[in-house]
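Following: one structure in structure tokens, then a few remarks.
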Amino acid sequence: MPRIKHTASAIAALVISALFALPASAQVVHDPLTTQNVVNLLKQKGMDATVENRNEAAQGDYVLSKSGNVNFWIHFTACDPDGTNCEIIKFDAGFSYADPDDRPLLEDINTWNEDYYGKAGLDPNGDPFVMIELNIVGGITEKNLADTLIWWESMILDFTDFINWS
């Protein structure tokens, strides 16, 4: 009798664990993530998005989009030589100023980097930029990508306020 009870408990445990595993297995995982996957998500969120072909400097194609009045790019990097099977995506946005005296100083950018998620810097002309990088080796879930987009849009708003850019 104890053997039957033990077997019934094991079967019950397997059934319960299988039920809890269903939501995770139902998630959409992009592996590899493609520019079209990103474009589809951006368009679902009501954003314009286009794929731009890689050039000499780029490792993979990239997506151009806009949040509010800020253009941004999603670059696919660490790719195979043909631009596929990329390991990293990088969201980035740059900001130009008509009056160079209005640009933030390096000290301002360093303050941002101490307090916020995402990296900021100054380009060779002294204009600021902000970016985040994501490792996508092994894939990325649709939910994670959508959540990252929400973080990115929030960061753009925070950064434009921080650097007094309009």
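Identifiers in this document derive from the order of the structure tokens: chains are assigned A, B, ..., residues are numbered from 1 separately in each chain, and ligands are numbered from 1 in order of occurrence.
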
Could you give me, as an mmCIF file with N, CA, C and O atoms, in the first residue's frame, each residue of region 32-135 of chain A that DSSP assigns to strand (DSSP E or B) when run on this structure's backbone?
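The result, written out as part-v4.cif:
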```cif
data_model
loop_
_atom_site.group_PDB
_atom_site.id
_atom_site.type_symbol
_atom_site.label_atom_id
_atom_site.label_comp_id
_atom_site.auth_asym_id
_atom_site.auth_seq_id
_atom_site.Cartn_x
_atom_site.Cartn_y
_atom_site.Cartn_z
ATOM 1 N N ALA A 49 8.054 52.553 -37.304
ATOM 2 C CA ALA A 49 9.321 51.831 -37.259
ATOM 3 C C ALA A 49 9.678 51.360 -38.654
ATOM 4 O O ALA A 49 8.821 50.876 -39.389
ATOM 5 N N THR A 50 10.941 51.517 -38.991
ATOM 6 C CA THR A 50 11.445 51.035 -40.271
ATOM 7 C C THR A 50 12.771 50.316 -40.049
ATOM 8 O O THR A 50 13.506 50.632 -39.114
ATOM 9 N N VAL A 51 13.055 49.380 -40.917
ATOM 10 C CA VAL A 51 14.330 48.672 -40.878
ATOM 11 C C VAL A 51 15.282 49.365 -41.833
ATOM 12 O O VAL A 51 14.933 49.629 -42.986
ATOM 13 N N GLU A 52 16.455 49.662 -41.337
ATOM 14 C CA GLU A 52 17.511 50.243 -42.169
ATOM 15 C C GLU A 52 18.592 49.182 -42.334
ATOM 16 O O GLU A 52 18.939 48.489 -41.382
ATOM 17 N N TYR A 62 19.400 47.666 -38.511
ATOM 18 C CA TYR A 62 18.899 48.363 -37.332
ATOM 19 C C TYR A 62 17.501 48.880 -37.602
ATOM 20 O O TYR A 62 17.056 48.944 -38.742
ATOM 21 N N VAL A 63 16.809 49.211 -36.524
ATOM 22 C CA VAL A 63 15.442 49.709 -36.591
ATOM 23 C C VAL A 63 15.462 51.170 -36.190
ATOM 24 O O VAL A 63 16.095 51.548 -35.201
ATOM 25 N N LEU A 64 14.777 51.988 -36.968
ATOM 26 C CA LEU A 64 14.631 53.409 -36.674
ATOM 27 C C LEU A 64 13.199 53.637 -36.213
ATOM 28 O O LEU A 64 12.251 53.163 -36.838
ATOM 29 N N SER A 65 13.033 54.345 -35.094
ATOM 30 C CA SER A 65 11.712 54.646 -34.576
ATOM 31 C C SER A 65 11.738 56.003 -33.881
ATOM 32 O O SER A 65 12.735 56.718 -33.941
ATOM 33 N N LYS A 66 10.636 56.324 -33.223
ATOM 34 C CA LYS A 66 10.520 57.628 -32.582
ATOM 35 C C LYS A 66 9.634 57.496 -31.349
ATOM 36 O O LYS A 66 8.611 56.808 -31.376
ATOM 37 N N SER A 67 10.049 58.155 -30.274
ATOM 38 C CA SER A 67 9.245 58.240 -29.056
ATOM 39 C C SER A 67 9.050 59.721 -28.760
ATOM 40 O O SER A 67 10.019 60.428 -28.505
ATOM 41 N N VAL A 70 11.582 62.364 -30.146
ATOM 42 C CA VAL A 70 12.954 61.857 -30.140
ATOM 43 C C VAL A 70 13.079 60.644 -31.064
ATOM 44 O O VAL A 70 12.411 59.629 -30.861
ATOM 45 N N ASN A 71 13.942 60.769 -32.063
ATOM 46 C CA ASN A 71 14.281 59.624 -32.908
ATOM 47 C C ASN A 71 15.214 58.707 -32.128
ATOM 48 O O ASN A 71 16.071 59.187 -31.376
ATOM 49 N N PHE A 72 15.055 57.399 -32.311
ATOM 50 C CA PHE A 72 15.993 56.465 -31.702
ATOM 51 C C PHE A 72 16.215 55.285 -32.626
ATOM 52 O O PHE A 72 15.465 55.049 -33.561
ATOM 53 N N TRP A 73 17.289 54.567 -32.334
ATOM 54 C CA TRP A 73 17.698 53.435 -33.141
ATOM 55 C C TRP A 73 17.831 52.214 -32.253
ATOM 56 O O TRP A 73 18.222 52.318 -31.088
ATOM 57 N N ILE A 74 17.536 51.063 -32.820
ATOM 58 C CA ILE A 74 17.800 49.785 -32.159
ATOM 59 C C ILE A 74 18.759 49.038 -33.074
ATOM 60 O O ILE A 74 18.377 48.588 -34.156
ATOM 61 N N HIS A 75 20.014 48.990 -32.636
ATOM 62 C CA HIS A 75 21.074 48.360 -33.423
ATOM 63 C C HIS A 75 21.224 46.902 -33.022
ATOM 64 O O HIS A 75 21.159 46.565 -31.845
ATOM 65 N N PHE A 76 21.456 46.058 -33.997
ATOM 66 C CA PHE A 76 21.754 44.652 -33.767
ATOM 67 C C PHE A 76 23.261 44.498 -33.919
ATOM 68 O O PHE A 76 23.821 44.834 -34.964
ATOM 69 N N THR A 77 23.939 44.011 -32.868
ATOM 70 C CA THR A 77 25.407 43.926 -32.888
ATOM 71 C C THR A 77 25.874 42.540 -32.451
ATOM 72 O O THR A 77 25.074 41.712 -32.024
ATOM 73 N N ILE A 88 23.495 40.951 -29.315
ATOM 74 C CA ILE A 88 23.199 42.147 -28.520
ATOM 75 C C ILE A 88 22.319 43.085 -29.342
ATOM 76 O O ILE A 88 22.522 43.221 -30.556
ATOM 77 N N ILE A 89 21.343 43.702 -28.679
ATOM 78 C CA ILE A 89 20.656 44.828 -29.292
ATOM 79 C C ILE A 89 20.945 46.045 -28.429
ATOM 80 O O ILE A 89 21.085 45.942 -27.208
ATOM 81 N N LYS A 90 21.074 47.169 -29.094
ATOM 82 C CA LYS A 90 21.391 48.415 -28.395
ATOM 83 C C LYS A 90 20.384 49.475 -28.801
ATOM 84 O O LYS A 90 20.240 49.777 -29.988
ATOM 85 N N PHE A 91 19.662 50.010 -27.825
ATOM 86 C CA PHE A 91 18.774 51.147 -28.037
ATOM 87 C C PHE A 91 19.627 52.390 -27.848
ATOM 88 O O PHE A 91 20.346 52.493 -26.846
ATOM 89 N N ASP A 92 19.561 53.347 -28.782
ATOM 90 C CA ASP A 92 20.280 54.597 -28.533
ATOM 91 C C ASP A 92 19.592 55.782 -29.184
ATOM 92 O O ASP A 92 18.860 55.649 -30.161
ATOM 93 N N ALA A 93 19.816 56.927 -28.571
ATOM 94 C CA ALA A 93 19.282 58.197 -29.064
ATOM 95 C C ALA A 93 20.330 59.272 -28.824
ATOM 96 O O ALA A 93 20.994 59.277 -27.781
ATOM 97 N N GLY A 94 20.477 60.163 -29.799
ATOM 98 C CA GLY A 94 21.421 61.275 -29.686
ATOM 99 C C GLY A 94 20.677 62.591 -29.784
ATOM 100 O O GLY A 94 19.590 62.666 -30.368
ATOM 101 N N LYS A 119 23.338 53.955 -20.148
ATOM 102 C CA LYS A 119 24.565 54.736 -20.190
ATOM 103 C C LYS A 119 24.341 55.995 -21.013
ATOM 104 O O LYS A 119 23.644 55.980 -22.013
ATOM 105 N N ALA A 120 24.964 57.062 -20.580
ATOM 106 C CA ALA A 120 24.945 58.312 -21.338
ATOM 107 C C ALA A 120 26.387 58.708 -21.615
ATOM 108 O O ALA A 120 27.311 58.275 -20.918
ATOM 109 N N GLY A 121 26.560 59.521 -22.635
ATOM 110 C CA GLY A 121 27.888 59.999 -22.977
ATOM 111 C C GLY A 121 27.787 61.226 -23.856
ATOM 112 O O GLY A 121 26.696 61.741 -24.125
ATOM 113 N N LEU A 122 28.945 61.690 -24.273
ATOM 114 C CA LEU A 122 29.031 62.806 -25.207
ATOM 115 C C LEU A 122 29.720 62.303 -26.470
ATOM 116 O O LEU A 122 30.746 61.615 -26.385
ATOM 117 N N PRO A 128 25.098 65.074 -26.382
ATOM 118 C CA PRO A 128 24.817 63.916 -25.532
ATOM 119 C C PRO A 128 24.067 62.806 -26.265
ATOM 120 O O PRO A 128 23.369 63.039 -27.246
ATOM 121 N N PHE A 129 24.228 61.612 -25.741
ATOM 122 C CA PHE A 129 23.461 60.457 -26.201
ATOM 123 C C PHE A 129 23.173 59.583 -24.990
ATOM 124 O O PHE A 129 23.819 59.692 -23.951
ATOM 125 N N VAL A 130 22.184 58.713 -25.149
ATOM 126 C CA VAL A 130 21.838 57.752 -24.111
ATOM 127 C C VAL A 130 21.569 56.416 -24.786
ATOM 128 O O VAL A 130 21.105 56.377 -25.932
ATOM 129 N N MET A 131 21.901 55.306 -24.085
ATOM 130 C CA MET A 131 21.703 53.990 -24.683
ATOM 131 C C MET A 131 21.543 52.917 -23.607
ATOM 132 O O MET A 131 21.945 53.115 -22.454
ATOM 133 N N ILE A 132 20.953 51.800 -24.021
ATOM 134 C CA ILE A 132 20.930 50.587 -23.210
ATOM 135 C C ILE A 132 21.276 49.427 -24.135
ATOM 136 O O ILE A 132 20.977 49.455 -25.329
ATOM 137 N N GLU A 133 21.936 48.436 -23.577
ATOM 138 C CA GLU A 133 22.291 47.248 -24.332
ATOM 139 C C GLU A 133 21.667 46.028 -23.666
ATOM 140 O O GLU A 133 21.627 45.945 -22.438
ATOM 141 N N LEU A 134 21.198 45.097 -24.503
ATOM 142 C CA LEU A 134 20.589 43.872 -24.005
ATOM 143 C C LEU A 134 21.256 42.670 -24.645
ATOM 144 O O LEU A 134 21.394 42.607 -25.868
ATOM 145 N N ASN A 135 21.629 41.716 -23.827
ATOM 146 C CA ASN A 135 22.143 40.452 -24.306
ATOM 147 C C ASN A 135 20.941 39.609 -24.714
ATOM 148 O O ASN A 135 20.037 39.389 -23.915
#
```

(request) Give the helix (DSSP H, G or I) residues of region 22-156 of chain A, as DSSP finds them on the backbone, and put them as JSON, numbers by chain. (result) {"A": [22, 23, 24, 25, 35, 36, 37, 38, 39, 40, 41, 42, 43, 44, 100, 101, 102, 106, 107, 108, 109, 110, 111, 112, 113, 114, 115, 142, 143, 144, 145, 146, 147, 148, 149, 150, 151, 152, 153, 154, 155, 156]}

(request) Find the residues around Leu145 (chain A) up to 10 Å (only C-alpha atoms counted), leave out those fewer than 2 positions away in its own chain, and share them as number ranges by chain. (result) A: 29-30, 33, 37-38, 41, 134, 136, 140-143, 147-151

Those same residues, written as a compact mmCIF listing (two decimals), in the first residue's frame with all heavy atoms?
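Written output follows (selection-v8.txt):
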```
# COMPACT_ATOMS: atom_id res chain seq x y z
N VAL A 29 9.03 33.41 -27.47
CA VAL A 29 10.46 33.67 -27.34
C VAL A 29 11.03 33.87 -28.74
O VAL A 29 10.84 33.01 -29.62
CB VAL A 29 11.20 32.51 -26.64
CG1 VAL A 29 12.70 32.78 -26.58
CG2 VAL A 29 10.64 32.27 -25.25
N HIS A 30 11.69 34.98 -28.95
CA HIS A 30 12.34 35.26 -30.23
C HIS A 30 13.78 34.79 -30.14
O HIS A 30 14.58 35.38 -29.40
CB HIS A 30 12.28 36.75 -30.57
CG HIS A 30 10.90 37.29 -30.66
ND1 HIS A 30 10.02 36.92 -31.65
CD2 HIS A 30 10.22 38.16 -29.87
CE1 HIS A 30 8.87 37.55 -31.49
NE2 HIS A 30 8.97 38.30 -30.41
N LEU A 33 16.26 36.92 -32.29
CA LEU A 33 15.45 38.12 -32.44
C LEU A 33 15.79 38.74 -33.78
O LEU A 33 16.96 38.82 -34.15
CB LEU A 33 15.75 39.11 -31.31
CG LEU A 33 14.98 40.43 -31.35
CD1 LEU A 33 13.49 40.19 -31.06
CD2 LEU A 33 15.56 41.40 -30.33
N ASN A 37 10.79 41.33 -35.86
CA ASN A 37 10.14 41.14 -34.55
C ASN A 37 10.03 42.48 -33.82
O ASN A 37 9.00 42.80 -33.22
CB ASN A 37 10.94 40.19 -33.66
CG ASN A 37 11.11 38.80 -34.20
OD1 ASN A 37 12.19 38.22 -34.09
ND2 ASN A 37 10.07 38.22 -34.77
N VAL A 38 11.10 43.26 -33.87
CA VAL A 38 11.13 44.56 -33.18
C VAL A 38 10.16 45.53 -33.85
O VAL A 38 9.40 46.22 -33.17
CB VAL A 38 12.57 45.13 -33.15
CG1 VAL A 38 12.58 46.55 -32.61
CG2 VAL A 38 13.48 44.23 -32.32
N LEU A 41 6.59 44.74 -32.83
CA LEU A 41 6.28 45.19 -31.47
C LEU A 41 6.07 46.70 -31.44
O LEU A 41 5.10 47.18 -30.85
CB LEU A 41 7.39 44.81 -30.50
CG LEU A 41 7.20 45.36 -29.08
CD1 LEU A 41 5.99 44.74 -28.41
CD2 LEU A 41 8.45 45.15 -28.25
N LEU A 134 21.20 45.10 -24.50
CA LEU A 134 20.59 43.87 -24.00
C LEU A 134 21.26 42.67 -24.64
O LEU A 134 21.39 42.61 -25.87
CB LEU A 134 19.10 43.81 -24.38
CG LEU A 134 18.21 44.84 -23.75
CD1 LEU A 134 16.91 44.96 -24.53
CD2 LEU A 134 17.92 44.45 -22.32
N ILE A 136 20.92 39.16 -25.95
CA ILE A 136 19.78 38.36 -26.44
C ILE A 136 20.21 36.94 -26.82
O ILE A 136 19.48 36.24 -27.52
CB ILE A 136 19.07 39.06 -27.61
CG1 ILE A 136 20.03 39.38 -28.76
CG2 ILE A 136 18.37 40.33 -27.11
CD1 ILE A 136 19.36 39.89 -30.03
N ILE A 140 14.89 36.16 -26.44
CA ILE A 140 14.27 37.14 -25.55
C ILE A 140 12.76 36.97 -25.68
O ILE A 140 12.25 36.77 -26.78
CB ILE A 140 14.71 38.59 -25.89
CG1 ILE A 140 14.15 39.59 -24.88
CG2 ILE A 140 14.36 38.96 -27.31
CD1 ILE A 140 14.74 40.99 -25.00
N THR A 141 12.08 37.03 -24.56
CA THR A 141 10.63 36.86 -24.62
C THR A 141 9.99 38.14 -25.14
O THR A 141 10.54 39.24 -25.00
CB THR A 141 10.02 36.52 -23.25
OG1 THR A 141 10.21 37.63 -22.36
CG2 THR A 141 10.61 35.25 -22.67
N GLU A 142 8.83 37.99 -25.72
CA GLU A 142 8.06 39.13 -26.19
C GLU A 142 7.75 40.07 -25.02
O GLU A 142 7.83 41.29 -25.15
CB GLU A 142 6.76 38.64 -26.84
CG GLU A 142 5.92 39.73 -27.44
CD GLU A 142 6.33 40.10 -28.85
OE1 GLU A 142 7.07 39.35 -29.49
OE2 GLU A 142 5.89 41.18 -29.30
N LYS A 143 7.43 39.49 -23.87
CA LYS A 143 7.12 40.28 -22.68
C LYS A 143 8.33 41.09 -22.22
O LYS A 143 8.21 42.27 -21.89
CB LYS A 143 6.64 39.37 -21.56
CG LYS A 143 6.18 40.10 -20.33
CD LYS A 143 5.60 39.15 -19.30
CE LYS A 143 5.12 39.93 -18.08
NZ LYS A 143 4.55 39.05 -17.07
N ASP A 147 8.57 45.15 -22.21
CA ASP A 147 8.90 45.85 -20.97
C ASP A 147 10.13 46.72 -21.15
O ASP A 147 10.19 47.85 -20.64
CB ASP A 147 9.12 44.84 -19.84
CG ASP A 147 9.22 45.51 -18.48
OD1 ASP A 147 8.27 46.25 -18.12
OD2 ASP A 147 10.23 45.33 -17.80
N THR A 148 11.11 46.23 -21.89
CA THR A 148 12.31 47.03 -22.17
C THR A 148 11.94 48.29 -22.94
O THR A 148 12.48 49.37 -22.68
CB THR A 148 13.35 46.19 -22.94
OG1 THR A 148 13.70 45.06 -22.14
CG2 THR A 148 14.58 47.01 -23.26
N LEU A 149 11.01 48.17 -23.88
CA LEU A 149 10.56 49.34 -24.63
C LEU A 149 9.92 50.37 -23.70
O LEU A 149 10.15 51.58 -23.85
CB LEU A 149 9.59 48.93 -25.74
CG LEU A 149 9.04 50.06 -26.58
CD1 LEU A 149 10.15 50.82 -27.31
CD2 LEU A 149 8.02 49.52 -27.58
N ILE A 150 9.14 49.91 -22.73
CA ILE A 150 8.53 50.84 -21.76
C ILE A 150 9.63 51.55 -20.97
O ILE A 150 9.58 52.76 -20.78
CB ILE A 150 7.56 50.08 -20.83
CG1 ILE A 150 6.34 49.62 -21.61
CG2 ILE A 150 7.15 50.95 -19.64
CD1 ILE A 150 5.47 48.61 -20.88
N TRP A 151 10.63 50.80 -20.50
CA TRP A 151 11.75 51.40 -19.77
C TRP A 151 12.47 52.42 -20.66
O TRP A 151 12.82 53.50 -20.20
CB TRP A 151 12.75 50.33 -19.37
CG TRP A 151 12.40 49.51 -18.17
CD1 TRP A 151 11.16 49.05 -17.82
CD2 TRP A 151 13.29 49.05 -17.18
NE1 TRP A 151 11.25 48.32 -16.68
CE2 TRP A 151 12.55 48.30 -16.26
CE3 TRP A 151 14.66 49.19 -16.99
CZ2 TRP A 151 13.13 47.69 -15.16
CZ3 TRP A 151 15.23 48.57 -15.89
CH2 TRP A 151 14.47 47.85 -14.99
```

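CA of Asp61 (chain A) sits 23.7 Å away from CA of Ser96 (chain A).
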
(request) Would you work out the distance separating CA of Asn53 (chain A) from CA of Met155 (chain A), expressed in Å to one decimal? (result)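 Between CA of Asn53 (chain A) and CA of Met155 (chain A) the gap is 26.1 Å.
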
(request) Calculate how many Å separate CA of Ile163 (chain A) from CA of Tyr116 (chain A), rounding to one decimal. (result)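 Between CA of Ile163 (chain A) and CA of Tyr116 (chain A) the gap is 13.3 Å.
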
Do you know which residues are at most 8 Å from Thr84 (chain A) counting only C-alpha atoms, after dropping those on the same chain fewer than 4 positions away, and could you put them as a PDB file with N, CA, C and O atoms, in the first residue's frame?
```pdb
ATOM      1  N   GLY A  60      24.953  44.634 -37.989  1.00  0.00           N
ATOM      2  CA  GLY A  60      23.664  44.099 -38.410  1.00  0.00           C
ATOM      3  C   GLY A  60      22.742  45.230 -38.811  1.00  0.00           C
ATOM      4  O   GLY A  60      23.096  46.399 -38.683  1.00  0.00           O
ATOM      5  N   CYS A  79      27.115  40.217 -34.349  1.00  0.00           N
ATOM      6  CA  CYS A  79      26.409  39.343 -35.292  1.00  0.00           C
ATOM      7  C   CYS A  79      27.374  38.440 -36.050  1.00  0.00           C
ATOM      8  O   CYS A  79      28.585  38.679 -36.078  1.00  0.00           O
ATOM      9  N   ASP A  80      26.814  37.423 -36.699  1.00  0.00           N
ATOM     10  CA  ASP A  80      27.583  36.636 -37.649  1.00  0.00           C
ATOM     11  C   ASP A  80      28.010  37.560 -38.791  1.00  0.00           C
ATOM     12  O   ASP A  80      27.407  38.628 -38.988  1.00  0.00           O
TER      13      ASP A  80
END
```

(request) Return the single residue from A:Ile156, A:Cys86, A:Ala98, A:Leu106 that is closest to Asp31 (chain A), with distances computed using only C-alpha atoms. (result)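 Result for the nearest residue to Asp31 (chain A): A:Cys86.
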
(request) Select, from A:Phe95, A:Asp48, A:Asp82, A:Lys43, the residue with the minimum atom-to-atom distance to Thr160 (chain A), counting only C-alpha atoms. (result)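 Using only C-alpha atoms, Thr160 (chain A) sits closest to A:Phe95.
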